[in-house]
$ cat model.txt   # compact mmCIF, C-alpha atoms and all ligand atoms
# COMPACT_ATOMS: atom_id res chain seq x y z
CA MET A 197 109.23 119.95 135.69
CA GLY A 198 112.85 120.79 136.27
CA LYS A 199 115.70 120.01 133.99
CA GLY A 200 117.10 117.93 136.86
CA SER A 201 114.42 115.29 136.68
CA TRP A 202 115.06 114.77 133.03
CA LEU A 203 118.80 114.46 133.57
CA LEU A 204 118.04 111.88 136.21
CA ALA A 205 115.93 110.03 133.67
CA LEU A 206 118.76 110.14 131.17
CA LEU A 207 121.19 108.78 133.75
CA LEU A 208 118.77 106.03 134.60
CA LEU A 209 118.38 105.30 130.94
CA SER A 210 122.09 104.93 130.36
CA SER A 211 122.55 102.77 133.44
CA LEU A 212 119.71 100.54 132.34
CA LEU A 213 121.23 100.30 128.90
CA GLY A 214 124.49 99.32 130.53
CA THR A 215 122.93 96.24 132.09
CA ILE A 216 121.64 94.87 128.79
CA SER A 217 124.23 93.53 126.42
CA VAL A 218 124.07 94.40 122.77
CA GLN A 219 123.81 90.72 121.98
CA GLU A 220 120.85 90.37 124.25
CA LEU A 221 119.17 93.35 122.60
CA GLU A 222 119.74 91.92 119.15
CA GLN A 223 118.42 88.59 120.28
CA ARG A 224 115.25 90.27 121.48
CA HIS A 225 114.83 92.09 118.16
CA ARG A 226 115.00 88.83 116.36
CA THR A 227 112.70 86.89 118.61
CA GLU A 228 110.05 89.46 119.39
CA ARG A 229 107.15 89.05 117.00
CA ILE A 230 105.09 92.18 116.76
CA SER A 231 101.35 91.77 116.59
CA GLY A 232 98.61 94.35 116.59
CA SER A 233 95.05 94.92 117.76
CA ALA A 234 93.67 92.05 115.66
CA GLY A 235 96.54 89.73 116.58
CA ASP A 236 97.82 89.87 113.00
CA VAL A 237 101.55 89.84 112.44
CA LEU A 238 103.74 91.75 110.02
CA GLU A 239 105.54 88.57 108.96
CA ASP A 240 102.48 87.14 107.21
CA ASP A 241 103.18 86.36 103.55
CA PRO A 242 100.31 87.32 101.26
CA VAL A 243 101.57 85.33 98.28
CA GLY A 244 99.23 82.44 97.54
CA ARG A 245 96.41 83.94 99.58
CA LEU A 246 94.93 86.30 96.99
CA LYS A 247 94.91 87.05 93.27
CA VAL A 248 94.67 90.58 91.95
CA PHE A 249 93.57 91.61 88.47
CA VAL A 250 95.07 94.92 87.31
CA TYR A 251 92.85 96.77 84.84
CA GLU A 252 94.65 98.10 81.83
CA LEU A 253 93.67 101.74 81.43
CA PRO A 254 94.67 104.31 78.80
CA SER A 255 97.88 105.96 79.96
CA LYS A 256 96.13 109.31 80.51
CA TYR A 257 94.93 107.88 83.84
CA ASN A 258 98.43 107.10 85.06
CA LYS A 259 101.67 107.16 83.09
CA LYS A 260 100.92 110.31 81.07
CA ILE A 261 100.08 112.25 84.21
CA LEU A 262 103.32 111.18 85.77
CA GLN A 263 105.26 112.18 82.66
CA LYS A 264 103.76 115.64 82.95
CA ASP A 265 105.04 116.05 86.48
CA SER A 266 107.58 113.67 87.93
CA ARG A 267 107.34 115.41 91.31
CA CYS A 268 104.53 113.07 92.22
CA LEU A 269 107.09 110.29 92.47
CA THR A 270 108.52 111.86 95.60
CA HIS A 271 105.60 113.55 97.34
CA MET A 272 103.90 111.90 100.27
CA PHE A 273 101.06 110.57 98.10
CA ALA A 274 103.39 108.60 95.83
CA ALA A 275 102.13 105.26 97.18
CA GLU A 276 99.44 105.30 94.48
CA ILE A 277 102.14 105.13 91.80
CA PHE A 278 104.43 102.65 93.48
CA MET A 279 101.55 100.32 94.34
CA HIS A 280 100.71 100.17 90.64
CA ARG A 281 104.29 99.36 89.69
CA PHE A 282 104.51 96.81 92.44
CA LEU A 283 101.34 94.98 91.39
CA LEU A 284 102.39 94.72 87.75
CA TYR A 285 105.26 92.42 88.75
CA SER A 286 103.83 90.87 91.88
CA PRO A 287 103.26 87.12 92.07
CA VAL A 288 99.72 87.87 93.29
CA ARG A 289 98.83 89.40 89.95
CA THR A 290 96.62 87.34 87.68
CA LEU A 291 96.00 88.05 84.02
CA ASN A 292 92.77 86.10 84.19
CA PRO A 293 90.03 88.27 85.73
CA GLU A 294 87.80 85.21 86.17
CA GLU A 295 90.06 83.92 88.92
CA ALA A 296 90.72 87.28 90.60
CA ASP A 297 89.79 87.93 94.24
CA TRP A 298 90.42 91.64 93.89
CA PHE A 299 90.36 94.17 91.06
CA TYR A 300 92.70 97.14 91.01
CA THR A 301 92.26 100.30 88.94
CA PRO A 302 95.55 102.17 88.41
CA VAL A 303 94.44 105.78 88.47
CA TYR A 304 96.79 108.46 89.84
CA THR A 305 94.28 110.91 91.28
CA THR A 306 96.79 112.86 93.37
CA CYS A 307 99.38 113.32 90.62
CA ASP A 308 97.47 116.02 88.76
CA LEU A 309 99.39 118.87 90.38
CA THR A 310 98.57 122.56 90.25
CA PRO A 311 101.03 124.78 88.34
CA ASN A 312 102.77 125.43 91.67
CA GLY A 313 103.19 121.71 92.24
CA LEU A 314 100.48 121.37 94.88
CA PRO A 315 98.58 118.11 94.88
CA LEU A 316 95.15 119.71 95.29
CA PRO A 317 92.58 117.09 94.39
CA PHE A 318 90.01 119.30 92.68
CA LYS A 319 89.90 117.19 89.52
CA SER A 320 90.31 113.85 91.28
CA PRO A 321 86.57 113.05 91.58
CA ARG A 322 86.03 113.55 87.85
CA MET A 323 89.07 111.52 87.00
CA MET A 324 88.02 108.71 89.32
CA ARG A 325 84.47 108.71 87.93
CA SER A 326 85.82 108.59 84.43
CA ALA A 327 88.05 105.60 85.24
CA ILE A 328 85.18 103.75 86.91
CA GLN A 329 82.88 104.46 83.98
CA LEU A 330 85.51 102.99 81.73
CA ILE A 331 86.03 99.76 83.67
CA ALA A 332 82.27 99.37 84.20
CA SER A 333 81.55 99.55 80.49
CA ASN A 334 84.54 97.53 79.21
CA TRP A 335 84.53 94.65 81.72
CA PRO A 336 81.65 92.86 83.46
CA TYR A 337 83.26 92.80 86.93
CA TRP A 338 82.35 96.22 88.22
CA ASN A 339 78.62 95.83 87.65
CA ARG A 340 78.69 92.38 89.24
CA SER A 341 79.50 93.88 92.65
CA GLU A 342 79.43 97.63 92.01
CA GLY A 343 82.96 97.71 93.29
CA ALA A 344 82.74 95.53 96.39
CA ASP A 345 85.63 93.37 95.17
CA HIS A 346 87.61 96.35 93.88
CA PHE A 347 90.19 98.35 95.77
CA PHE A 348 91.52 101.84 95.14
CA VAL A 349 94.58 103.61 96.49
CA VAL A 350 93.45 107.09 97.58
CA PRO A 351 96.33 108.56 99.57
CA HIS A 352 95.24 112.19 99.65
CA ASP A 353 94.73 114.11 102.92
CA PHE A 354 91.17 112.96 103.49
CA GLY A 355 91.22 109.96 101.17
CA ALA A 356 88.29 109.63 98.80
CA CYS A 357 86.61 112.77 100.18
CA PHE A 358 89.03 114.54 97.85
CA HIS A 359 89.56 117.83 99.65
CA TYR A 360 92.46 119.08 101.74
CA GLN A 361 90.34 121.05 104.18
CA GLU A 362 88.51 118.97 106.71
CA GLU A 363 85.15 120.79 106.70
CA LYS A 364 85.02 120.69 102.90
CA ALA A 365 86.07 117.05 102.90
CA ILE A 366 83.31 116.20 105.37
CA GLU A 367 80.78 118.15 103.33
CA ARG A 368 81.76 116.22 100.20
CA GLY A 369 81.93 112.80 101.81
CA ILE A 370 83.41 109.77 100.09
CA LEU A 371 82.88 109.83 96.33
CA PRO A 372 79.50 108.10 95.83
CA LEU A 373 80.86 105.64 93.26
CA LEU A 374 83.38 104.35 95.82
CA GLN A 375 80.82 103.55 98.51
CA ARG A 376 81.21 99.80 98.05
CA ALA A 377 84.89 99.60 97.19
CA THR A 378 87.75 98.96 99.59
CA LEU A 379 89.83 102.08 100.04
CA VAL A 380 93.55 101.99 100.72
CA GLN A 381 94.32 105.36 102.28
CA THR A 382 96.59 107.31 104.59
CA PHE A 383 93.70 109.09 106.23
CA GLY A 384 92.60 107.36 109.42
CA GLN A 385 90.34 108.82 112.09
CA ARG A 386 87.65 107.06 114.05
CA ASN A 387 84.00 108.09 113.44
CA HIS A 388 84.84 110.27 110.48
CA VAL A 389 82.84 110.38 107.24
CA CYS A 390 86.06 110.11 105.21
CA LEU A 391 87.00 106.76 106.74
CA LYS A 392 84.65 103.97 105.90
CA GLU A 393 84.52 100.60 107.57
CA GLY A 394 86.91 98.09 106.07
CA SER A 395 89.41 100.60 104.66
CA ILE A 396 93.09 99.77 104.84
CA ILE A 397 95.18 102.49 106.46
CA ILE A 398 98.68 102.83 105.06
CA PRO A 399 101.72 104.96 105.94
CA PRO A 400 102.37 107.99 103.75
CA TYR A 401 105.18 107.64 101.26
CA ALA A 402 108.62 108.64 102.51
CA PRO A 403 111.61 108.17 100.18
CA PRO A 404 113.45 105.01 101.34
CA GLN A 405 116.81 105.66 99.64
CA LYS A 406 117.00 109.20 100.90
CA MET A 407 116.29 108.10 104.45
CA GLN A 408 118.80 105.28 104.16
CA ALA A 409 121.46 107.76 103.05
CA HIS A 410 121.07 109.73 106.28
CA LEU A 411 121.46 106.88 108.75
CA ILE A 412 124.02 107.50 111.50
CA PRO A 413 125.55 104.85 113.80
CA PRO A 414 122.70 103.30 115.82
CA ASP A 415 124.57 103.74 119.11
CA THR A 416 124.68 107.54 118.75
CA PRO A 417 123.37 108.96 122.04
CA ARG A 418 119.93 110.50 121.94
CA SER A 419 120.73 113.85 123.48
CA ILE A 420 117.64 115.69 122.25
CA PHE A 421 114.59 115.07 124.42
CA VAL A 422 111.78 116.32 122.15
CA TYR A 423 112.21 117.15 118.47
CA PHE A 424 109.89 118.76 115.95
CA ARG A 425 110.30 120.65 112.69
CA GLY A 426 107.31 122.00 110.79
CA LEU A 427 104.58 124.59 110.78
CA PHE A 428 102.89 125.78 113.96
CA TYR A 429 100.52 128.11 112.14
CA ASP A 430 99.33 128.06 108.53
CA VAL A 431 98.74 131.75 108.11
CA GLY A 432 98.12 131.47 104.37
CA ASN A 433 95.22 129.05 104.65
CA ASP A 434 94.09 129.80 108.19
CA PRO A 435 94.73 133.48 108.92
CA GLU A 436 92.58 133.57 112.04
CA GLY A 437 94.22 130.46 113.50
CA GLY A 438 92.51 127.58 115.25
CA TYR A 439 91.54 125.52 112.19
CA TYR A 440 95.00 124.41 111.28
CA ALA A 441 95.90 121.39 113.43
CA ARG A 442 92.83 122.36 115.47
CA GLY A 443 95.19 124.69 117.32
CA ALA A 444 97.39 121.86 118.65
CA ARG A 445 100.56 122.92 116.86
CA ALA A 446 100.08 126.54 117.92
CA SER A 447 99.76 125.28 121.48
CA VAL A 448 103.02 123.32 121.22
CA TRP A 449 104.80 126.46 120.13
CA GLU A 450 103.23 128.80 122.66
CA ASN A 451 103.84 126.48 125.59
CA PHE A 452 107.28 125.11 124.79
CA LYS A 453 109.17 127.48 122.53
CA ASP A 454 111.43 128.48 125.44
CA ASN A 455 111.61 125.07 127.11
CA PRO A 456 115.18 123.67 126.87
CA LEU A 457 113.88 120.10 126.56
CA PHE A 458 112.02 121.01 123.38
CA ASP A 459 114.01 121.34 120.18
CA ILE A 460 111.20 122.75 118.04
CA SER A 461 111.22 125.16 115.11
CA THR A 462 109.78 125.87 111.69
CA GLU A 463 113.24 125.69 110.11
CA HIS A 464 113.92 122.43 108.31
CA PRO A 465 117.67 121.87 108.75
CA ILE A 466 119.65 119.68 106.36
CA THR A 467 120.37 117.49 109.39
CA TYR A 468 116.64 116.82 109.91
CA TYR A 469 116.92 113.04 109.55
CA GLU A 470 120.11 112.89 111.64
CA ASP A 471 118.50 115.00 114.35
CA MET A 472 115.63 112.54 114.61
CA GLN A 473 118.18 109.82 115.29
CA ARG A 474 119.53 111.92 118.14
CA ALA A 475 116.12 112.47 119.71
CA VAL A 476 114.16 110.41 122.24
CA PHE A 477 110.72 111.74 121.26
CA CYS A 478 109.52 113.10 117.93
CA LEU A 479 106.28 115.04 117.90
CA CYS A 480 103.72 113.89 115.33
CA PRO A 481 100.92 116.42 115.70
CA LEU A 482 98.06 116.62 113.23
CA GLY A 483 98.29 119.25 110.51
CA TRP A 484 95.44 119.69 108.08
CA ALA A 485 95.01 115.92 108.27
CA PRO A 486 95.73 113.81 111.36
CA TRP A 487 98.62 111.98 109.72
CA SER A 488 102.01 113.13 108.45
CA PRO A 489 105.28 111.54 107.25
CA ARG A 490 106.76 112.16 110.71
CA LEU A 491 105.28 108.90 111.89
CA VAL A 492 107.25 106.99 109.26
CA GLU A 493 110.37 109.02 109.95
CA GLY A 494 110.04 108.40 113.69
CA VAL A 495 109.86 104.65 113.16
CA ILE A 496 112.73 104.53 110.68
CA PHE A 497 114.95 106.66 112.90
CA GLY A 498 113.98 105.03 116.17
CA CYS A 499 112.53 108.23 117.61
CA ILE A 500 109.44 107.50 119.69
CA PRO A 501 106.48 109.10 117.91
CA VAL A 502 104.40 111.33 120.14
CA ILE A 503 101.05 111.27 118.44
CA ILE A 504 98.88 114.31 118.96
CA ALA A 505 95.79 113.69 116.83
CA ASP A 506 92.64 112.64 118.64
CA ASP A 507 91.01 109.45 117.34
CA ILE A 508 93.68 108.84 114.74
CA VAL A 509 93.72 105.38 113.18
CA LEU A 510 97.32 104.43 112.44
CA PRO A 511 98.68 102.35 109.56
CA PHE A 512 98.24 98.57 109.69
CA ALA A 513 96.99 98.78 113.28
CA ASP A 514 95.69 95.21 113.05
CA ALA A 515 99.31 94.10 112.97
CA ILE A 516 101.19 96.91 114.74
CA PRO A 517 100.74 97.63 118.48
CA TRP A 518 100.95 101.40 118.16
CA GLU A 519 99.87 101.95 121.77
CA GLU A 520 103.01 100.16 122.93
CA ILE A 521 105.31 101.85 120.43
CA GLY A 522 104.20 105.46 120.48
CA VAL A 523 102.99 107.94 123.05
CA PHE A 524 99.47 109.27 122.57
CA VAL A 525 98.71 112.74 123.89
CA ALA A 526 95.20 114.19 123.65
CA GLU A 527 95.05 117.49 121.76
CA LYS A 528 93.71 119.23 124.86
CA ASP A 529 96.68 117.98 126.91
CA VAL A 530 99.35 119.64 124.77
CA PRO A 531 100.08 122.20 127.51
CA LYS A 532 101.06 119.27 129.77
CA LEU A 533 103.32 117.67 127.19
CA ASP A 534 106.49 118.27 129.20
CA THR A 535 105.13 116.59 132.35
CA ILE A 536 103.62 113.74 130.34
CA LEU A 537 106.88 112.93 128.59
CA THR A 538 109.20 113.38 131.56
CA SER A 539 107.02 111.06 133.66
CA ILE A 540 107.40 108.09 131.33
CA PRO A 541 109.59 105.56 133.18
CA PRO A 542 112.91 104.68 131.51
CA ASP A 543 112.02 101.01 131.14
CA VAL A 544 108.92 101.99 129.19
CA ILE A 545 111.03 104.19 126.94
CA LEU A 546 113.48 101.35 126.42
CA ARG A 547 110.72 98.96 125.52
CA LYS A 548 109.32 101.39 122.94
CA GLN A 549 112.78 101.89 121.48
CA ARG A 550 113.24 98.16 121.29
CA LEU A 551 109.98 97.71 119.38
CA LEU A 552 110.96 100.52 117.04
CA ALA A 553 114.28 98.81 116.38
CA ASN A 554 112.50 95.72 115.11
CA PRO A 555 113.35 95.53 111.40
CA SER A 556 109.87 94.26 110.50
CA MET A 557 108.44 97.46 111.97
CA LYS A 558 110.61 99.66 109.77
CA GLN A 559 110.01 97.52 106.71
CA ALA A 560 106.23 97.84 107.07
CA MET A 561 106.47 101.65 106.89
CA LEU A 562 108.26 101.77 103.54
CA PHE A 563 107.44 101.39 99.84
CA PRO A 564 110.91 100.37 98.58
CA GLN A 565 111.91 99.72 94.96
CA PRO A 566 112.34 96.90 94.42
CA ALA A 567 109.79 95.66 96.91
CA GLN A 568 110.97 93.58 99.87
CA PRO A 569 109.23 90.97 101.99
CA GLY A 570 107.16 92.55 104.75
CA ASP A 571 107.19 96.05 103.26
CA ALA A 572 104.12 98.29 103.05
CA PHE A 573 103.07 96.75 99.71
CA HIS A 574 102.97 93.33 101.35
CA GLN A 575 101.07 94.68 104.35
CA ILE A 576 98.42 96.10 101.98
CA LEU A 577 98.12 92.69 100.34
CA ASN A 578 97.89 91.09 103.80
CA GLY A 579 95.02 93.46 104.58
CA LEU A 580 93.24 92.51 101.37
CA ALA A 581 93.85 88.80 101.89
CA ARG A 582 92.41 88.95 105.41
CA LYS A 583 89.14 90.24 103.95
CA LEU A 584 88.63 87.12 101.87
CA PRO A 585 86.36 85.46 101.07
CA HIS A 586 84.11 88.34 100.09
CA PRO A 587 80.77 88.30 101.88
CA ARG A 588 77.88 86.92 99.87
CA ASN A 589 76.24 90.36 99.65
CA ALA A 590 79.28 91.70 97.81
CA TYR A 591 77.70 90.34 94.63
CA LEU A 592 74.47 91.84 93.37
CA LYS A 593 71.46 90.02 92.02
CA ARG A 594 70.87 90.30 88.31
CA GLY A 595 69.60 93.78 87.53
CA GLU A 596 70.13 95.00 91.11
CA LYS A 597 71.65 98.50 91.40
CA ILE A 598 72.82 100.17 94.58
CA LEU A 599 75.09 103.00 93.49
CA ASN A 600 73.69 106.26 92.22
CA TRP A 601 75.73 107.49 89.26
CA THR A 602 74.29 110.98 89.41
CA ALA A 603 74.76 111.61 93.15
CA GLY A 604 77.32 114.11 94.43
CA PRO A 605 78.26 117.70 93.60
CA VAL A 606 77.25 118.69 90.05
CA GLY A 607 80.82 119.77 89.31
CA ASP A 608 82.00 116.20 89.84
CA LEU A 609 79.67 114.89 87.11
CA LYS A 610 81.38 116.81 84.33
CA PRO A 611 83.46 114.64 82.03
CA TRP A 612 87.19 114.47 82.77
C1 LIG B 1 77.31 98.32 83.69
O1 LIG B 1 76.30 99.19 84.11
C2 LIG B 1 76.34 100.47 83.47
C3 LIG B 1 75.35 101.39 84.17
O2 LIG B 1 74.18 100.72 84.48
C4 LIG B 1 76.10 100.29 82.01
O3 LIG B 1 76.14 101.55 81.35
C5 LIG B 1 77.18 99.38 81.44
O4 LIG B 1 76.97 99.12 80.07
C6 LIG B 1 77.25 98.08 82.20
N1 LIG B 1 78.44 97.36 81.78
C7 LIG B 1 78.41 96.20 81.16
C8 LIG B 1 79.73 95.62 80.79
O5 LIG B 1 77.38 95.62 80.91
C1 LIG B 2 70.58 110.01 92.57
O1 LIG B 2 71.09 111.21 93.07
C2 LIG B 2 70.48 112.35 92.52
C3 LIG B 2 71.24 113.58 93.03
O2 LIG B 2 71.32 113.55 94.43
C4 LIG B 2 69.01 112.36 92.89
O3 LIG B 2 68.37 113.49 92.30
C5 LIG B 2 68.37 111.08 92.36
O4 LIG B 2 67.00 111.03 92.77
C6 LIG B 2 69.10 109.86 92.86
N1 LIG B 2 68.57 108.68 92.21
C7 LIG B 2 68.14 107.63 92.87
C8 LIG B 2 67.66 106.50 92.05
O5 LIG B 2 68.14 107.57 94.07
$ encode --input "model.txt" --output "structure tokens"
Amino acid sequence: MGKGSWLLALLLLSSLLGTISVQELEQRHRTERISGSAGDVLEDDPVGRLKVFVYELPSKYNKKILQKDSRCLTHMFAAEIFMHRFLLYSPVRTLNPEEADWFYTPVYTTCDLTPNGLPLPFKSPRMMRSAIQLIASNWPYWNRSEGADHFFVVPHDFGACFHYQEEKAIERGILPLLQRATLVQTFGQRNHVCLKEGSIIIPPYAPPQKMQAHLIPPDTPRSIFVYFRGLFYDVGNDPEGGYYARGARASVWENFKDNPLFDISTEHPITYYEDMQRAVFCLCPLGWAPWSPRLVEGVIFGCIPVIIADDIVLPFADAIPWEEIGVFVAEKDVPKLDTILTSIPPDVILRKQRLLANPSMKQAMLFPQPAQPGDAFHQILNGLARKLPHPRNAYLKRGEKILNWTAGPVGDLKPW
């Protein structure tokens, strides 16, 4: 691929843009309703379609942990905290558990940071077990369904498998006590033990105000073709190489470090957010987990996400047509990334950019405070509402038990 062909594409792009008036573009933003693989739309309003009961837990499961380390308000797992705050004041909340469709347990399992501030979830299983034990003994609703009408926010790398390394996460599997619950998680990958049927995949948390503060005029030309900032190797955790990102990031670096179309580096510049607004494509390769905040950043900044993570399941895919918005590149095809991206016709690029510009798209990726219609909180509620009514087998017969309270690694059974 020569630089010439890309310049040609850019020229084409600008001439195409010239034929569409701004008014026309805006009109299209307003009129185009986005719908996803299940035909669901982002504009659905969950209010009136479900009632959620929020368990009141001792503060050691949530507020105290946050007090100990406020950094978990800004890390990419912060959705567990903001979802709690959101629900407390949401019109879908009910104080009467007898009329609840869903039960929510506010436990911040990813906020128990290591001394270095790393959200390593080693204690999460014990904490989660402890919280479930508590709700099961103080209220009758857990035992009634063993969790089938309960949902949990588990935003860590591999969700309720509670480990940051994939092989360990797979070995652990989903915490046995959560087998029947609905999990709201960032981790999404088809045919993976850490994603169970019926889970709701959410975007990772990215700070809305901070992103807002870095917006540049929307008509700024996109003069960067491909942009990426982040690790290519994780020498500390993967000295031999090949585990981290299953080698895909290393391949990006080795193949394209000298390619002038690729603006890629490990250095995070202070203009990171601005740069994304000047780029046509933003690489979203897997890291330890298939997902990363780059997807959210790409959408917010109108940079077409190039998703390199085989079998990834993206957030709210029932309502968001990710195939039309992003570009999906198989991990094995990373060496062909330049040809793949330069062969995308300009009208296809324009269409993707147009979908990205849709405000409902951006809204669905964010957890703003205060909440706003159509934001990620509302999309989670939409997902829960669409699962109602609960199937008959959600509720157990008197005396029936399905879950095994003593299953799982012995270390997880210790009190928290
Ligand atoms: C629910 O079941 C557990 C385990 O079988 C039991 O210890 C607990 O007392 C039960 N809870 C209620 C409220 O009956
Ligand atoms: C529960 O799990 C433990 C540990 O795997 C096992 O020893 C026990 O037999 C199981 N109990 C039942 C009732 O299946």
$ closest_residue --input "model.txt" --among "A:Gly394, A:Pro399, A:Pro564, A:Gly604" --to "ligand LIG 2 (chain B)" --atoms "all atoms listed in the file"
A:Gly604
$ atom_distance --input "model.txt" --atom1 "CA of Arg594 in chain A" --atom2 "CA of Ser341 in chain A"
10.3 Å
$ residues_around --input "model.txt" --residues "Ser556 in chain A" --least-positions-apart "6" --cutoff "12 Å" --atoms "only C-alpha atoms" --output "ChimeraX atom specification"
/A:225-231,237-240,495-496,515-516,550,562,568-572,574-575
$ closest_residue --input "model.txt" --among "A:Lys610, A:Asn600, A:Pro456, A:Asp529" --to "ligand LIG 2 (chain B)" --atoms "only C-alpha atoms and all ligand atoms"
A:Asn600
$ residues_around --input "model.txt" --residues "Asp265 in chain A" --least-positions-apart "3" --cutoff "8 Å" --atoms "all atoms listed in the file" --output "list in words"
Ile261, Leu262, Cys268, Cys307, Asp308 and Leu309 of chain A
$ closest_atom_pairs --input "model.txt" --of "chain A" --to "ligand LIG 1 (chain B)" --cutoff "7 Å" --atoms "all atoms listed in the file" --output "Markdown table"
| residue | atom | partner | partner_atom | distance |
| --- | --- | --- | --- | --- |
| A:Ala332 | CA | B:LIG1 | N1 | 5.0 |
| A:Ser333 | CA | B:LIG1 | N1 | 4.0 |
| A:Asn334 | CA | B:LIG1 | C8 | 5.4 |
| A:Trp335 | CA | B:LIG1 | C8 | 5.0 |
| A:Pro336 | CA | B:LIG1 | C8 | 4.3 |
| A:Asn339 | CA | B:LIG1 | C1 | 4.9 |
$ residues_near_ligand --input "model.txt" --ligand "ligand LIG 2 (chain B)" --cutoff "9 Å" --atoms "all atoms listed in the file" --output "PyMOL selection string"
chain A and resi 597-606
$ residues_around --input "model.txt" --residues "Leu253 in chain A" --least-positions-apart "2" --cutoff "9 Å" --atoms "all atoms listed in the file" --output "list in words"
Tyr251, Ser255, Lys256, Tyr257, Asn258, Thr301, Pro302, Val303, Ala327, Leu330 and Ile331 of chain A
$ write_last_selection --input "model.txt" --atoms "C-alpha atoms" --output "short mmCIF file (atom, residue, chain, number, x, y, z; two decimals), in the coordinates of the input"
data_model
loop_
_atom_site.label_atom_id
_atom_site.label_comp_id
_atom_site.auth_asym_id
_atom_site.auth_seq_id
_atom_site.Cartn_x
_atom_site.Cartn_y
_atom_site.Cartn_z
CA TYR A 251 92.85 96.77 84.84
CA SER A 255 97.88 105.96 79.96
CA LYS A 256 96.13 109.31 80.51
CA TYR A 257 94.93 107.88 83.84
CA ASN A 258 98.43 107.10 85.06
CA THR A 301 92.26 100.30 88.94
CA PRO A 302 95.55 102.17 88.41
CA VAL A 303 94.44 105.78 88.47
CA ALA A 327 88.05 105.60 85.24
CA LEU A 330 85.51 102.99 81.73
CA ILE A 331 86.03 99.76 83.67
#
$ closest_residue --input "model.txt" --among "A:Tyr360, A:Ile508, A:Leu580, A:Trp487" --to "Ala377 in chain A" --atoms "only C-alpha atoms"
A:Leu580
$ atom_distance --input "model.txt" --atom1 "CA of Tyr469 in chain A" --atom2 "CA of Thr416 in chain A"
13.2 Å
$ closest_residue --input "model.txt" --among "A:Arg442, A:Phe497, A:Phe282, A:Asp430" --to "Pro555 in chain A" --atoms "all atoms listed in the file"
A:Phe497
$ closest_residue --input "model.txt" --among "A:Ile420, A:Gly343, A:Leu479, A:Glu367" --to "Trp449 in chain A" --atoms "all atoms listed in the file"
A:Leu479
$ atom_distance --input "model.txt" --atom1 "CA of Leu246 in chain A" --atom2 "CA of Phe573 in chain A"
13.5 Å
$ residues_around --input "model.txt" --residues "Asp534 in chain A" --least-positions-apart "3" --cutoff "9 Å" --atoms "only C-alpha atoms" --output "ChimeraX atom specification"
/A:197,452,455,457-458,530-531,537-539
